[in-house]
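**Q** Pasting in a structure now, in structure tokens, and then I'll have a few things to ask.
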Amino acid sequence: MGLILDSSILVAGERGGESVREILQRVQATQGDVESALSAVTIVELTHGIYRAKSDADRERRREFTEELAVTCSSIQ
């Protein structure tokens with residue numbers, strides 16, 4: 001059985017200053033070596049968060065995080 005990563009896990013990690021790799025490593029440490037995936041809804045939620053940011057700094061940080069997520073997930077497959 002695999003895992004679908006909920007946006008709340010990713011948002012909490014991003015707000016805590018973790019990189020995508022650190023979040024994925026934390027998930028793996030707690031859940032074991034199982035396949036994990038993102039749903040299209042999760043990507044849309046994270047992208048929506050970019051546009052809802054209250055400051056340019058938050059917007060840029062969220063954009064960079066979402067791009068890192070896309071690159072990381074693409075390279076894992």
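Within each chain, counting starts at residue 1; across the structure tokens, chains are named A, B, ... in the order shown, with ligands numbered 1 upward in that order.
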Check the DSSP output for the backbone and give back, as an mmCIF file with N, CA, C and O atoms, in the first residue's frame, the residues of chain A in helix (DSSP H, G or I).
**A**
```
data_model
loop_
_atom_site.group_PDB
_atom_site.id
_atom_site.type_symbol
_atom_site.label_atom_id
_atom_site.label_comp_id
_atom_site.auth_asym_id
_atom_site.auth_seq_id
_atom_site.Cartn_x
_atom_site.Cartn_y
_atom_site.Cartn_z
ATOM 1 N N SER A 7 -1.759 17.886 1.525
ATOM 2 C CA SER A 7 -1.140 19.218 1.481
ATOM 3 C C SER A 7 -0.791 19.729 2.874
ATOM 4 O O SER A 7 0.170 20.484 3.025
ATOM 5 N N SER A 8 -1.512 19.309 3.910
ATOM 6 C CA SER A 8 -1.224 19.793 5.262
ATOM 7 C C SER A 8 0.173 19.389 5.725
ATOM 8 O O SER A 8 0.844 20.151 6.424
ATOM 9 N N ILE A 9 0.637 18.198 5.324
ATOM 10 C CA ILE A 9 1.995 17.750 5.662
ATOM 11 C C ILE A 9 3.024 18.652 4.992
ATOM 12 O O ILE A 9 4.005 19.073 5.611
ATOM 13 N N LEU A 10 2.785 18.950 3.726
ATOM 14 C CA LEU A 10 3.717 19.779 2.964
ATOM 15 C C LEU A 10 3.706 21.222 3.453
ATOM 16 O O LEU A 10 4.760 21.854 3.595
ATOM 17 N N VAL A 11 2.527 21.763 3.729
ATOM 18 C CA VAL A 11 2.421 23.148 4.207
ATOM 19 C C VAL A 11 3.099 23.288 5.565
ATOM 20 O O VAL A 11 3.855 24.242 5.800
ATOM 21 N N ALA A 12 2.856 22.343 6.472
ATOM 22 C CA ALA A 12 3.474 22.417 7.798
ATOM 23 C C ALA A 12 4.994 22.363 7.689
ATOM 24 O O ALA A 12 5.699 23.121 8.368
ATOM 25 N N GLY A 13 5.505 21.500 6.830
ATOM 26 C CA GLY A 13 6.942 21.418 6.630
ATOM 27 C C GLY A 13 7.519 22.685 6.041
ATOM 28 O O GLY A 13 8.555 23.190 6.498
ATOM 29 N N GLU A 14 6.840 23.211 5.040
ATOM 30 C CA GLU A 14 7.308 24.452 4.397
ATOM 31 C C GLU A 14 7.298 25.600 5.392
ATOM 32 O O GLU A 14 8.256 26.365 5.464
ATOM 33 N N ARG A 15 6.256 25.708 6.179
ATOM 34 C CA ARG A 15 6.183 26.780 7.183
ATOM 35 C C ARG A 15 7.249 26.613 8.259
ATOM 36 O O ARG A 15 7.704 27.591 8.844
ATOM 37 N N VAL A 20 11.778 20.162 0.658
ATOM 38 C CA VAL A 20 10.953 19.044 0.190
ATOM 39 C C VAL A 20 11.620 17.725 0.560
ATOM 40 O O VAL A 20 10.972 16.812 1.070
ATOM 41 N N ARG A 21 12.918 17.618 0.329
ATOM 42 C CA ARG A 21 13.652 16.380 0.659
ATOM 43 C C ARG A 21 13.541 16.059 2.150
ATOM 44 O O ARG A 21 13.369 14.909 2.527
ATOM 45 N N GLU A 22 13.660 17.069 2.998
ATOM 46 C CA GLU A 22 13.552 16.847 4.444
ATOM 47 C C GLU A 22 12.157 16.347 4.815
ATOM 48 O O GLU A 22 12.024 15.446 5.654
ATOM 49 N N ILE A 23 11.142 16.901 4.200
ATOM 50 C CA ILE A 23 9.775 16.450 4.473
ATOM 51 C C ILE A 23 9.609 14.999 4.042
ATOM 52 O O ILE A 23 9.068 14.171 4.795
ATOM 53 N N LEU A 24 10.072 14.682 2.844
ATOM 54 C CA LEU A 24 9.949 13.313 2.350
ATOM 55 C C LEU A 24 10.746 12.336 3.206
ATOM 56 O O LEU A 24 10.292 11.211 3.462
ATOM 57 N N GLN A 25 11.910 12.746 3.683
ATOM 58 C CA GLN A 25 12.703 11.892 4.566
ATOM 59 C C GLN A 25 11.979 11.672 5.898
ATOM 60 O O GLN A 25 12.003 10.566 6.447
ATOM 61 N N ARG A 26 11.342 12.722 6.414
ATOM 62 C CA ARG A 26 10.593 12.601 7.670
ATOM 63 C C ARG A 26 9.412 11.643 7.494
ATOM 64 O O ARG A 26 9.151 10.798 8.349
ATOM 65 N N VAL A 27 8.708 11.763 6.380
ATOM 66 C CA VAL A 27 7.584 10.866 6.108
ATOM 67 C C VAL A 27 8.093 9.430 6.020
ATOM 68 O O VAL A 27 7.511 8.514 6.601
ATOM 69 N N GLN A 28 9.194 9.237 5.324
ATOM 70 C CA GLN A 28 9.748 7.893 5.181
ATOM 71 C C GLN A 28 10.186 7.338 6.542
ATOM 72 O O GLN A 28 9.996 6.156 6.820
ATOM 73 N N ALA A 29 10.758 8.177 7.391
ATOM 74 C CA ALA A 29 11.209 7.727 8.706
ATOM 75 C C ALA A 29 10.037 7.281 9.579
ATOM 76 O O ALA A 29 10.169 6.347 10.373
ATOM 77 N N THR A 30 8.905 7.935 9.438
ATOM 78 C CA THR A 30 7.751 7.575 10.266
ATOM 79 C C THR A 30 6.868 6.503 9.642
ATOM 80 O O THR A 30 6.228 5.743 10.363
ATOM 81 N N GLN A 31 6.834 6.418 8.318
ATOM 82 C CA GLN A 31 5.933 5.496 7.639
ATOM 83 C C GLN A 31 6.630 4.274 7.052
ATOM 84 O O GLN A 31 5.974 3.351 6.588
ATOM 85 N N ALA A 40 -3.317 15.593 -7.786
ATOM 86 C CA ALA A 40 -3.424 16.858 -8.516
ATOM 87 C C ALA A 40 -4.036 17.935 -7.630
ATOM 88 O O ALA A 40 -3.660 19.111 -7.709
ATOM 89 N N VAL A 41 -4.932 17.542 -6.751
ATOM 90 C CA VAL A 41 -5.571 18.499 -5.841
ATOM 91 C C VAL A 41 -4.530 19.125 -4.917
ATOM 92 O O VAL A 41 -4.559 20.331 -4.652
ATOM 93 N N THR A 42 -3.579 18.329 -4.439
ATOM 94 C CA THR A 42 -2.520 18.854 -3.573
ATOM 95 C C THR A 42 -1.704 19.915 -4.299
ATOM 96 O O THR A 42 -1.414 20.978 -3.744
ATOM 97 N N ILE A 43 -1.348 19.641 -5.538
ATOM 98 C CA ILE A 43 -0.589 20.616 -6.329
ATOM 99 C C ILE A 43 -1.396 21.904 -6.509
ATOM 100 O O ILE A 43 -0.863 23.006 -6.367
ATOM 101 N N VAL A 44 -2.675 21.777 -6.793
ATOM 102 C CA VAL A 44 -3.536 22.956 -6.967
ATOM 103 C C VAL A 44 -3.621 23.733 -5.657
ATOM 104 O O VAL A 44 -3.542 24.967 -5.653
ATOM 105 N N GLU A 45 -3.764 23.030 -4.526
ATOM 106 C CA GLU A 45 -3.841 23.716 -3.234
ATOM 107 C C GLU A 45 -2.562 24.497 -2.944
ATOM 108 O O GLU A 45 -2.621 25.645 -2.482
ATOM 109 N N LEU A 46 -1.415 23.889 -3.209
ATOM 110 C CA LEU A 46 -0.150 24.585 -2.971
ATOM 111 C C LEU A 46 0.012 25.782 -3.905
ATOM 112 O O LEU A 46 0.476 26.846 -3.486
ATOM 113 N N THR A 47 -0.375 25.621 -5.142
ATOM 114 C CA THR A 47 -0.297 26.723 -6.100
ATOM 115 C C THR A 47 -1.237 27.859 -5.696
ATOM 116 O O THR A 47 -0.882 29.036 -5.767
ATOM 117 N N HIS A 48 -2.422 27.493 -5.223
ATOM 118 C CA HIS A 48 -3.375 28.500 -4.755
ATOM 119 C C HIS A 48 -2.771 29.305 -3.590
ATOM 120 O O HIS A 48 -2.961 30.520 -3.497
ATOM 121 N N GLY A 49 -2.016 28.605 -2.737
ATOM 122 C CA GLY A 49 -1.372 29.278 -1.608
ATOM 123 C C GLY A 49 -0.375 30.336 -2.031
ATOM 124 O O GLY A 49 -0.170 31.324 -1.327
ATOM 125 N N ILE A 50 0.245 30.148 -3.189
ATOM 126 C CA ILE A 50 1.170 31.159 -3.709
ATOM 127 C C ILE A 50 0.416 32.469 -3.926
ATOM 128 O O ILE A 50 0.874 33.543 -3.531
ATOM 129 N N TYR A 51 -0.735 32.380 -4.531
ATOM 130 C CA TYR A 51 -1.511 33.575 -4.865
ATOM 131 C C TYR A 51 -2.201 34.192 -3.654
ATOM 132 O O TYR A 51 -2.545 35.364 -3.677
ATOM 133 N N ARG A 52 -2.370 33.424 -2.589
ATOM 134 C CA ARG A 52 -3.011 33.938 -1.379
ATOM 135 C C ARG A 52 -2.017 34.533 -0.387
ATOM 136 O O ARG A 52 -2.417 35.072 0.645
ATOM 137 N N ASP A 56 5.200 39.600 -0.525
ATOM 138 C CA ASP A 56 6.020 39.139 -1.648
ATOM 139 C C ASP A 56 7.009 38.072 -1.200
ATOM 140 O O ASP A 56 7.266 37.115 -1.935
ATOM 141 N N ALA A 57 7.548 38.220 0.004
ATOM 142 C CA ALA A 57 8.509 37.241 0.516
ATOM 143 C C ALA A 57 7.850 35.871 0.690
ATOM 144 O O ALA A 57 8.423 34.845 0.307
ATOM 145 N N ASP A 58 6.641 35.846 1.264
ATOM 146 C CA ASP A 58 5.913 34.584 1.425
ATOM 147 C C ASP A 58 5.573 33.983 0.065
ATOM 148 O O ASP A 58 5.689 32.774 -0.142
ATOM 149 N N ARG A 59 5.160 34.827 -0.846
ATOM 150 C CA ARG A 59 4.795 34.369 -2.192
ATOM 151 C C ARG A 59 5.997 33.709 -2.876
ATOM 152 O O ARG A 59 5.894 32.627 -3.442
ATOM 153 N N GLU A 60 7.145 34.343 -2.779
ATOM 154 C CA GLU A 60 8.352 33.811 -3.404
ATOM 155 C C GLU A 60 8.786 32.507 -2.738
ATOM 156 O O GLU A 60 9.169 31.552 -3.414
ATOM 157 N N ARG A 61 8.738 32.453 -1.411
ATOM 158 C CA ARG A 61 9.113 31.232 -0.690
ATOM 159 C C ARG A 61 8.202 30.070 -1.083
ATOM 160 O O ARG A 61 8.660 28.958 -1.349
ATOM 161 N N ARG A 62 6.912 30.336 -1.176
ATOM 162 C CA ARG A 62 5.959 29.300 -1.566
ATOM 163 C C ARG A 62 6.166 28.855 -3.013
ATOM 164 O O ARG A 62 6.069 27.674 -3.321
ATOM 165 N N ARG A 63 6.460 29.807 -3.873
ATOM 166 C CA ARG A 63 6.705 29.460 -5.276
ATOM 167 C C ARG A 63 7.933 28.565 -5.397
ATOM 168 O O ARG A 63 7.913 27.546 -6.084
ATOM 169 N N GLU A 64 9.003 28.937 -4.708
ATOM 170 C CA GLU A 64 10.226 28.136 -4.743
ATOM 171 C C GLU A 64 9.983 26.733 -4.182
ATOM 172 O O GLU A 64 10.474 25.748 -4.726
ATOM 173 N N PHE A 65 9.211 26.649 -3.105
ATOM 174 C CA PHE A 65 8.903 25.347 -2.507
ATOM 175 C C PHE A 65 8.113 24.477 -3.484
ATOM 176 O O PHE A 65 8.427 23.296 -3.667
ATOM 177 N N THR A 66 7.117 25.042 -4.129
ATOM 178 C CA THR A 66 6.290 24.288 -5.066
ATOM 179 C C THR A 66 7.111 23.836 -6.266
ATOM 180 O O THR A 66 6.969 22.707 -6.739
ATOM 181 N N GLU A 67 7.998 24.685 -6.735
ATOM 182 C CA GLU A 67 8.885 24.294 -7.839
ATOM 183 C C GLU A 67 9.828 23.181 -7.404
ATOM 184 O O GLU A 67 10.062 22.228 -8.149
ATOM 185 N N GLU A 68 10.378 23.279 -6.195
ATOM 186 C CA GLU A 68 11.246 22.235 -5.663
ATOM 187 C C GLU A 68 10.485 20.904 -5.572
ATOM 188 O O GLU A 68 11.012 19.842 -5.898
ATOM 189 N N LEU A 69 9.253 20.981 -5.141
ATOM 190 C CA LEU A 69 8.410 19.782 -5.048
ATOM 191 C C LEU A 69 8.228 19.136 -6.405
ATOM 192 O O LEU A 69 8.385 17.932 -6.559
ATOM 193 N N ALA A 70 7.936 19.936 -7.412
ATOM 194 C CA ALA A 70 7.733 19.411 -8.760
ATOM 195 C C ALA A 70 9.008 18.757 -9.295
ATOM 196 O O ALA A 70 8.969 17.662 -9.862
ATOM 197 N N VAL A 71 10.132 19.407 -9.097
ATOM 198 C CA VAL A 71 11.416 18.871 -9.569
ATOM 199 C C VAL A 71 11.762 17.589 -8.820
ATOM 200 O O VAL A 71 12.168 16.586 -9.424
ATOM 201 N N THR A 72 11.602 17.602 -7.508
ATOM 202 C CA THR A 72 11.931 16.437 -6.686
ATOM 203 C C THR A 72 11.057 15.236 -7.052
ATOM 204 O O THR A 72 11.558 14.131 -7.238
ATOM 205 N N CYS A 73 9.771 15.472 -7.194
ATOM 206 C CA CYS A 73 8.861 14.376 -7.525
ATOM 207 C C CYS A 73 9.113 13.855 -8.931
ATOM 208 O O CYS A 73 9.005 12.660 -9.167
ATOM 209 N N SER A 74 9.489 14.718 -9.837
ATOM 210 C CA SER A 74 9.792 14.288 -11.197
ATOM 211 C C SER A 74 11.045 13.429 -11.239
ATOM 212 O O SER A 74 11.121 12.452 -11.986
ATOM 213 N N SER A 75 12.024 13.765 -10.411
ATOM 214 C CA SER A 75 13.286 13.023 -10.426
ATOM 215 C C SER A 75 13.192 11.694 -9.698
ATOM 216 O O SER A 75 13.987 10.804 -9.933
ATOM 217 N N ILE A 76 12.204 11.535 -8.819
ATOM 218 C CA ILE A 76 12.034 10.298 -8.075
ATOM 219 C C ILE A 76 11.428 9.218 -8.938
ATOM 220 O O ILE A 76 11.762 8.055 -8.828
#
```
**Q** Please give the complete set of residues from chain A that DSSP, run on the backbone, assigns to strand (DSSP E), formatted as a ChimeraX atom specification.
**A** /A:3-5,36-38
**Q** Quick one: distance from CA of Ile4 in chain A to CA of Ser55 in chain A in Å, one decimal?
**A** 29.7 Å
